[in-house]
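Here is work-v1.cif, consisting of mmCIF, C-alpha atoms and all ligand atoms:
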```cif
data_protein
#
loop_
_atom_site.label_atom_id
_atom_site.label_comp_id
_atom_site.auth_asym_id
_atom_site.auth_seq_id
_atom_site.Cartn_x
_atom_site.Cartn_y
_atom_site.Cartn_z
CA MET V 13 124.25 96.94 92.65
CA ILE V 14 123.41 97.36 96.33
CA LEU V 15 121.29 94.66 97.94
CA TYR V 16 120.11 95.31 101.48
CA PHE V 17 118.26 93.41 104.17
CA SER V 18 116.80 95.39 107.06
CA GLY V 19 114.41 94.66 109.93
CA THR V 20 114.03 98.07 111.53
CA GLY V 21 115.44 100.40 108.91
CA ASN V 22 119.09 100.99 109.93
CA SER V 23 120.56 98.92 107.12
CA ARG V 24 118.10 100.30 104.56
CA TYR V 25 119.20 103.82 105.51
CA ALA V 26 122.88 102.83 105.37
CA ALA V 27 122.31 101.31 101.93
CA SER V 28 120.70 104.50 100.66
CA LEU V 29 123.63 106.60 101.95
CA ILE V 30 126.06 104.30 100.14
CA ALA V 31 123.97 104.60 96.97
CA SER V 32 124.17 108.39 97.27
CA GLN V 33 127.97 108.06 96.91
CA THR V 34 128.22 105.26 94.33
CA GLY V 35 125.15 105.99 92.23
CA ASP V 36 124.33 102.27 92.31
CA GLU V 37 120.95 100.66 91.96
CA LEU V 38 119.33 99.77 95.33
CA MET V 39 117.46 96.52 95.79
CA SER V 40 115.59 95.24 98.83
CA MET V 41 116.34 91.66 99.82
CA ASN V 42 113.25 91.89 102.07
CA ASP V 43 110.98 92.28 99.03
CA ILE V 44 112.76 89.60 97.04
CA LEU V 45 112.74 87.16 99.97
CA ARG V 46 109.01 87.67 100.48
CA ALA V 47 108.37 87.04 96.80
CA ARG V 48 110.51 83.89 96.86
CA ILE V 49 108.80 82.51 99.95
CA ARG V 50 105.35 83.19 98.51
CA GLY V 51 106.43 81.45 95.31
CA ASP V 52 105.64 84.50 93.16
CA ALA V 53 106.28 83.81 89.49
CA ASP V 54 108.44 86.93 89.16
CA ALA V 55 110.58 86.28 92.29
CA ARG V 56 114.17 87.17 91.42
CA TYR V 57 117.14 84.80 91.60
CA ASP V 58 119.46 86.34 88.97
CA PHE V 59 121.46 89.50 89.53
CA HIS V 60 123.77 91.13 87.02
CA SER V 61 125.84 94.18 87.85
CA ASP V 62 128.50 96.07 85.91
CA SER V 63 129.75 97.58 89.18
CA PRO V 64 130.72 95.65 92.36
CA PHE V 65 128.00 94.05 94.45
CA VAL V 66 127.42 95.70 97.83
CA PHE V 67 125.55 93.74 100.49
CA VAL V 68 124.17 95.71 103.43
CA CYS V 69 122.52 94.11 106.45
CA PRO V 70 122.41 94.05 110.26
CA THR V 71 124.68 91.96 112.47
CA TYR V 72 123.01 88.99 114.20
CA CYS V 73 125.20 87.39 116.84
CA TRP V 74 128.47 88.57 115.33
CA ARG V 75 127.65 87.48 111.83
CA MET V 76 125.43 88.31 108.86
CA PRO V 77 121.86 87.07 109.45
CA HIS V 78 121.43 83.48 108.25
CA VAL V 79 118.61 84.62 105.95
CA VAL V 80 121.09 86.88 104.16
CA GLU V 81 123.69 84.15 103.76
CA ASP V 82 120.94 81.79 102.48
CA PHE V 83 119.70 84.50 100.12
CA LEU V 84 123.18 84.83 98.62
CA ARG V 85 123.61 81.07 98.31
CA LYS V 86 120.29 80.72 96.49
CA SER V 87 121.00 83.60 94.06
CA ARG V 88 122.94 83.65 90.81
CA PHE V 89 125.30 86.60 90.34
CA SER V 90 127.09 87.75 87.21
CA GLY V 91 129.07 90.73 85.94
CA ASP V 92 131.51 92.51 88.24
CA MET V 93 132.13 89.82 90.87
CA ARG V 94 133.79 92.06 93.45
CA ALA V 95 131.76 92.04 96.68
CA TYR V 96 131.62 94.58 99.50
CA PHE V 97 129.77 94.08 102.77
CA VAL V 98 128.49 96.84 105.04
CA LEU V 99 126.96 95.74 108.35
CA THR V 100 125.07 97.90 110.78
CA CYS V 101 125.42 96.84 114.40
CA GLY V 102 124.58 97.86 117.95
CA LYS V 103 128.11 97.43 119.24
CA SER V 104 130.34 94.95 117.47
CA THR V 105 130.46 92.62 114.48
CA GLY V 106 132.98 90.11 115.88
CA PRO V 107 134.27 87.83 113.13
CA SER V 108 131.62 88.84 110.55
CA ALA V 109 134.30 89.91 108.05
CA LYS V 110 135.91 86.48 108.12
CA HIS V 111 132.53 84.80 107.58
CA ALA V 112 131.83 87.12 104.64
CA GLU V 113 135.23 86.37 103.13
CA LEU V 114 134.62 82.61 103.39
CA LEU V 115 131.19 83.03 101.81
CA CYS V 116 132.77 84.96 98.94
CA GLY V 117 135.15 82.06 98.34
CA GLU V 118 132.20 79.68 98.26
CA LEU V 119 130.17 81.83 95.83
CA GLY V 120 132.96 82.96 93.48
CA PHE V 121 133.08 86.59 94.60
CA LYS V 122 136.26 88.60 95.05
CA PHE V 123 136.04 89.80 98.67
CA MET V 124 136.69 93.57 98.85
CA GLY V 125 136.18 93.84 102.59
CA LEU V 126 133.53 94.42 105.22
CA SER V 127 132.91 97.65 107.04
CA SER V 128 130.42 98.28 109.81
CA VAL V 129 128.75 101.16 111.52
CA ILE V 130 127.20 101.43 114.96
CA MET V 131 123.54 102.37 114.86
CA PRO V 132 120.73 102.18 117.42
CA GLU V 133 120.18 98.73 118.95
CA ASN V 134 116.96 97.13 117.75
CA TYR V 135 117.10 93.83 119.64
CA ILE V 136 114.62 94.64 122.37
CA ALA V 137 113.93 90.95 123.03
CA LEU V 138 117.34 90.89 124.77
CA PHE V 139 118.54 94.45 125.23
CA ASP V 140 117.17 97.90 126.00
CA SER V 141 116.55 100.38 123.24
CA ALA V 142 117.96 103.89 123.14
CA SER V 143 115.82 106.94 123.86
CA TYR V 144 114.67 109.02 120.88
CA ASP V 145 117.43 111.60 121.47
CA ASP V 146 120.20 109.07 121.98
CA ALA V 147 119.12 107.21 118.84
CA LEU V 148 119.03 110.49 116.92
CA ALA V 149 122.60 111.28 117.97
CA MET V 150 123.75 107.80 116.89
CA ILE V 151 122.04 108.09 113.51
CA ARG V 152 123.63 111.49 112.88
CA ALA V 153 127.05 110.17 113.89
CA ALA V 154 126.68 107.23 111.50
CA VAL V 155 126.13 109.32 108.36
CA ALA V 156 129.73 110.47 107.74
CA PRO V 157 131.37 107.04 108.18
CA ILE V 158 128.79 105.37 105.92
CA GLU V 159 129.24 108.00 103.22
CA SER V 160 133.00 107.62 103.53
CA THR V 161 132.63 103.85 103.04
CA GLY V 162 130.46 104.60 100.00
CA ARG V 163 133.23 106.75 98.52
CA MET V 164 135.81 104.00 99.13
CA ILE V 165 133.53 101.57 97.29
CA ALA V 166 133.01 104.04 94.44
CA CYS V 167 136.82 104.25 94.06
CA GLY V 168 137.22 100.46 94.10
CA ARG V 169 139.30 100.52 97.30
CA THR V 170 139.19 97.72 99.87
CA ILE V 171 137.36 98.44 103.13
CA GLU V 172 137.96 97.34 106.72
CA ASP V 173 135.81 96.75 109.76
CA PRO V 174 136.30 99.24 112.61
CA ASN V 175 133.98 97.29 114.94
CA GLY V 176 135.08 93.72 114.31
CA GLY V 177 137.55 91.45 115.98
CA TYR V 178 138.26 87.99 117.28
CA THR V 179 139.00 86.88 113.75
CA ARG V 180 141.07 83.91 114.88
CA SER V 181 137.89 82.28 116.12
CA LEU V 182 134.73 82.24 114.03
CA HIS V 183 132.42 81.75 117.04
CA THR V 184 130.40 79.37 114.88
CA LYS V 185 129.17 77.28 117.82
CA MET V 186 128.11 80.38 119.72
CA ASN V 187 126.16 81.59 116.69
CA GLU V 188 124.46 78.20 116.31
CA THR V 189 123.57 78.11 120.00
CA PHE V 190 122.24 81.66 119.83
CA TYR V 191 119.97 80.74 116.93
CA LYS V 192 118.68 77.66 118.76
CA LEU V 193 118.00 79.57 121.96
CA HIS V 194 116.77 82.94 120.71
CA ILE V 195 115.59 82.84 117.11
CA SER V 196 112.02 81.80 117.60
CA ASP V 197 108.65 83.43 117.09
CA LYS V 198 106.91 81.35 119.78
CA PRO V 199 107.05 84.08 122.46
CA TYR V 200 105.32 86.68 120.23
CA ARG V 201 101.86 87.68 121.43
CA VAL V 202 99.45 90.55 120.87
CA THR V 203 97.71 92.54 123.54
CA GLU V 204 94.16 93.89 123.51
CA ASP V 205 95.55 97.10 121.98
CA CYS V 206 95.85 95.37 118.57
CA ILE V 207 93.59 97.04 116.00
CA GLY V 208 94.16 94.45 113.26
CA CYS V 209 95.78 96.97 110.90
CA GLY V 210 97.99 94.28 109.34
CA GLN V 211 101.18 96.38 109.24
CA CYS V 212 103.03 93.52 110.95
CA GLU V 213 101.87 91.13 108.24
CA THR V 214 102.90 93.50 105.45
CA ILE V 215 106.35 94.26 106.80
CA CYS V 216 107.51 90.72 107.67
CA PRO V 217 110.36 89.96 105.22
CA LEU V 218 109.73 86.23 105.54
CA ALA V 219 105.95 86.37 104.98
CA ASN V 220 105.72 84.67 108.37
CA ILE V 221 102.72 86.59 109.75
CA ARG V 222 99.06 86.25 108.77
CA LEU V 223 95.99 87.78 110.30
CA GLU V 224 93.50 85.36 111.79
CA GLU V 225 90.25 87.00 112.85
CA GLY V 226 92.04 90.35 112.63
CA ARG V 227 94.98 89.38 114.83
CA PRO V 228 98.53 88.38 113.85
CA VAL V 229 99.65 84.77 113.99
CA TRP V 230 103.32 83.81 113.57
CA ASP V 231 103.98 80.75 111.43
CA GLY V 232 107.35 79.53 112.73
CA ASN V 233 109.72 80.93 110.09
CA CYS V 234 111.10 83.95 111.93
CA THR V 235 114.57 85.49 111.82
CA GLN V 236 113.90 87.81 114.76
CA CYS V 237 114.43 90.98 112.73
CA MET V 238 112.15 92.95 115.08
CA ALA V 239 110.22 94.54 112.20
CA CYS V 240 106.75 93.45 113.35
CA ILE V 241 107.15 94.48 116.97
CA SER V 242 108.74 97.78 116.00
CA ILE V 243 106.30 98.86 113.28
CA CYS V 244 103.12 98.19 115.29
CA PRO V 245 101.37 101.57 115.65
CA ARG V 246 99.86 100.58 119.00
CA ASP V 247 102.92 98.82 120.52
CA ALA V 248 100.53 95.89 120.84
CA ILE V 249 103.11 93.18 120.09
CA GLU V 250 105.21 91.77 122.92
CA TYR V 251 107.95 89.14 122.99
CA GLY V 252 107.08 87.18 126.11
CA LEU V 253 107.68 89.51 129.03
CA LYS V 254 111.03 90.74 127.77
CA THR V 255 109.80 93.69 125.73
CA ARG V 256 107.30 95.11 128.20
CA GLY V 257 107.73 98.85 128.69
CA LYS V 258 110.59 99.11 126.19
CA ARG V 259 110.64 101.77 123.52
CA ARG V 260 110.19 100.46 119.98
CA TYR V 261 112.80 101.68 117.51
CA TYR V 262 112.15 101.95 113.78
CA LEU V 263 113.97 104.14 111.24
CA ARG V 264 112.03 105.33 108.21
CA ALA V 265 113.59 105.34 104.76
CA ASP V 266 114.27 109.10 105.02
CA GLY V 267 116.32 108.62 108.21
CA SER V 268 113.69 109.86 110.64
CA GLN V 269 112.46 107.76 113.55
CA LEU V 270 108.92 106.45 113.41
CA LYS V 271 108.25 106.91 117.12
CA LYS V 272 109.06 109.51 119.71
CA ASP V 273 109.57 108.48 123.37
C1 LIG L 301 118.62 88.90 116.50
C2 LIG L 301 119.57 90.07 116.63
C3 LIG L 301 120.91 89.85 116.92
C4 LIG L 301 121.80 90.95 117.02
N1 LIG L 301 123.11 90.70 117.23
C5 LIG L 301 123.99 91.74 117.27
C6 LIG L 301 125.41 91.52 117.42
O1 LIG L 301 125.89 90.39 117.46
N2 LIG L 301 126.20 92.60 117.51
C7 LIG L 301 125.73 93.89 117.45
O2 LIG L 301 126.51 94.83 117.56
N3 LIG L 301 124.39 94.13 117.25
C8 LIG L 301 123.53 93.09 117.15
N4 LIG L 301 122.19 93.33 116.93
C9 LIG L 301 121.73 94.73 116.70
C10 LIG L 301 121.53 95.04 115.20
O3 LIG L 301 122.56 94.48 114.43
C11 LIG L 301 121.48 96.53 114.93
O4 LIG L 301 120.58 97.22 115.75
C12 LIG L 301 121.17 96.78 113.47
O5 LIG L 301 121.55 98.10 113.12
C13 LIG L 301 119.70 96.59 113.08
O6 LIG L 301 119.58 96.79 111.69
P1 LIG L 301 118.20 96.94 110.93
O7 LIG L 301 117.49 98.15 111.53
O8 LIG L 301 118.60 97.19 109.51
O9 LIG L 301 117.43 95.69 111.10
C14 LIG L 301 121.30 92.26 116.85
C15 LIG L 301 119.95 92.47 116.56
C16 LIG L 301 119.08 91.38 116.46
C17 LIG L 301 117.64 91.64 116.15
#
```
Just give me the structure of the file as structure tokens.
Amino acid sequence: MILYFSGTGNSRYAASLIASQTGDELMSMNDILRARIRGDADARYDFHSDSPFVFVCPTYCWRMPHVVEDFLRKSRFSGDMRAYFVLTCGKSTGPSAKHAELLCGELGFKFMGLSSVIMPENYIALFDSASYDDALAMIRAAVAPIESTGRMIACGRTIEDPNGGYTRSLHTKMNETFYKLHISDKPYRVTEDCIGCGQCETICPLANIRLEEGRPVWDGNCTQCMACISICPRDAIEYGLKTRGKRRYYLRADGSQLKKD
């Protein structure tokens, strides 16, 4: 079973490429998280798989996003308890593999390794985004390594992280500080270009956005996945002044980019 979390589509696409090699069932943590947060009666907590579990997600400050770790802690897993992790990243995953291994120990999984793949940067609240053509080249270059990881998983081999490092230090304090300083929805605002279409509300994996008089309001439970700001058809969402003039990046499920330059 492959469970993926994705803000702007990179990890969803990576998960689907892995599924094309393993034949595994694909499940969206985004959908399940939303259902859990809304308190839906059919929100899922139990997962059984006769093949290894594969968790696919972005890297947030050299580690799996906290929402993903929390998701795993609050779930019950059974069946084949081998666990693989595949992280997409803009540049490097740091000690993510070590964190994943520790989490496996905590949750009773057998850690089979973490691999990562560089994909277009989505964190426009801090960094610049790639142009359409540069992003396209990165996406194309990512396909072969992801499929190769998928084949390793299908064969039951262990996998390793080509973009990780610094495993002697877990950078835990740095990650905590990063979350305190940067993971906040307070700076989000909408401009007069907002047409009240509600796509931001629909896409938020944490059900953190509601429309008030046709305009989005953020409710304080944000993981900074960049989905809302990236999906907006009018580029009407800004993060303070940091995102002004920056290209929004979003990868559709079929691997094509939503927006041209
Ligand atoms: C809050 C945040 C923190 C990030 N931290 C890192 C990081 O530590 N290292 C890195 O290489 N990329 C980092 N990125 C970039 C994403 O991991 C990368 O673009 C990823 O492929 C996005 O996946 P998604 O489209 O599935 O959401 C960060 C992105 C965000 C939004």
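Each of V:Gly176, V:Gly208, V:Gly162, V:Pro199 was compared to ligand LIG 301 (chain L) using all atoms listed in the file, and V:Gly176 turns out to be the nearest.
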Spatial neighbours of Asp43 of chain V, max dist 10 Å, all atoms listed in the file, sep filter under 4 positions, as number ranges by chain: V: 16-17, 39, 47-48, 55-56, 215-219
May I ask you to write as a VMD selection string all residues lying at most 6 Å from ligand LIG 301 (chain L), with only C-alpha atoms and all ligand atoms counted? chain V and resid 18 to 24 69 to 74 100 to 105 131 to 135 236 to 238
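Using only C-alpha atoms, the shortest contact distance between Gln269 of chain V and any of V:Ser196, V:Asn175, V:Asn220, V:Ser143 is found at V:Ser143.
Shortest atom-to-atom contact with Tyr57 of chain V among V:Lys86, V:Tyr96, V:Leu29, V:Lys192: V:Lys86, counting only C-alpha atoms.
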Residue contacts of Phe67 of chain V (8 Å, only C-alpha atoms) excluding same-chain residues fewer than 3 positions away, as a ChimeraX atom specification: /V:14-16,95-98
What are the nearest atom pairs, with distances in Å to one decimal, for all residues of segment 52-147 of chain V that come at most 10 Å from segment 231-235 of chain V, using all atoms listed in the file, set out by chain and rising residue number as JSON lines?
```
{"residue": "V:Tyr72", "atom": "CA", "partner": "V:Thr235", "partner_atom": "CA", "distance": 9.4}
{"residue": "V:Pro77", "atom": "CA", "partner": "V:Thr235", "partner_atom": "CA", "distance": 7.8}
{"residue": "V:His78", "atom": "CA", "partner": "V:Thr235", "partner_atom": "CA", "distance": 8.0}
{"residue": "V:Val79", "atom": "CA", "partner": "V:Thr235", "partner_atom": "CA", "distance": 7.2}
```
Across V:Cys212, V:Val80, V:Ile30, V:Ile221, the smallest distance to Ile44 of chain V, with only C-alpha atoms counted, is shown by V:Val80
Build an axis-aligned box that encloses every atom of segment 35-41 of chain V listed in the file, pad it by 8 Å on each side, and report its centre and edge lengths in Å to one decimal, as JSON.
```
{"center_x": 120.4, "center_y": 98.8, "center_z": 95.9, "size_x": 25.6, "size_y": 30.3, "size_z": 23.9}
```
Residues at most 12 Å from Phe89 of chain V, counting only C-alpha atoms, excluding those fewer than 2 positions away in the same chain, as an MDAnalysis selection string? chainID V and resid 13 15 56:66 83:87 91:95 116 119:121
With distances taken over all atoms listed in the file, the candidate from V:Glu188, V:Thr214, V:Asp140, V:Cys206 nearest Arg259 of chain V is V:Asp140
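For the atom pair formed by atom CA of Arg246 of chain V and atom CA of Ser268 of chain V, the distance is 18.6 Å, given to one decimal.
When the distance limit is 8 Å and all atoms listed in the file are what count, the residues near Pro174 of chain V, minus those fewer than 5 positions from it on the same chain, are Ser127, Ser128 and Val129 of chain V.
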Using all atoms listed in the file, which residues sit within 7 Å of Ala137 of chain V once same-chain residues fewer than 2 positions away are excluded, as a list in words? Tyr135, Phe139, Tyr251, Lys254 and Thr255 of chain V
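Our summary of the geometry notes that atom CA of Ile249 of chain V is positioned 20.3 Å from atom CA of Leu193 of chain V.
Among the candidate residues V:Asp197, V:Asp36, V:Tyr261, V:Ser242, the one lying nearest to Ala166 of chain V is V:Asp36, with distances computed using all atoms listed in the file.
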Measure the distance from atom CA of Thr34 of chain V to atom CA of Met124 of chain V in Å and round it to one decimal. 15.1 Å
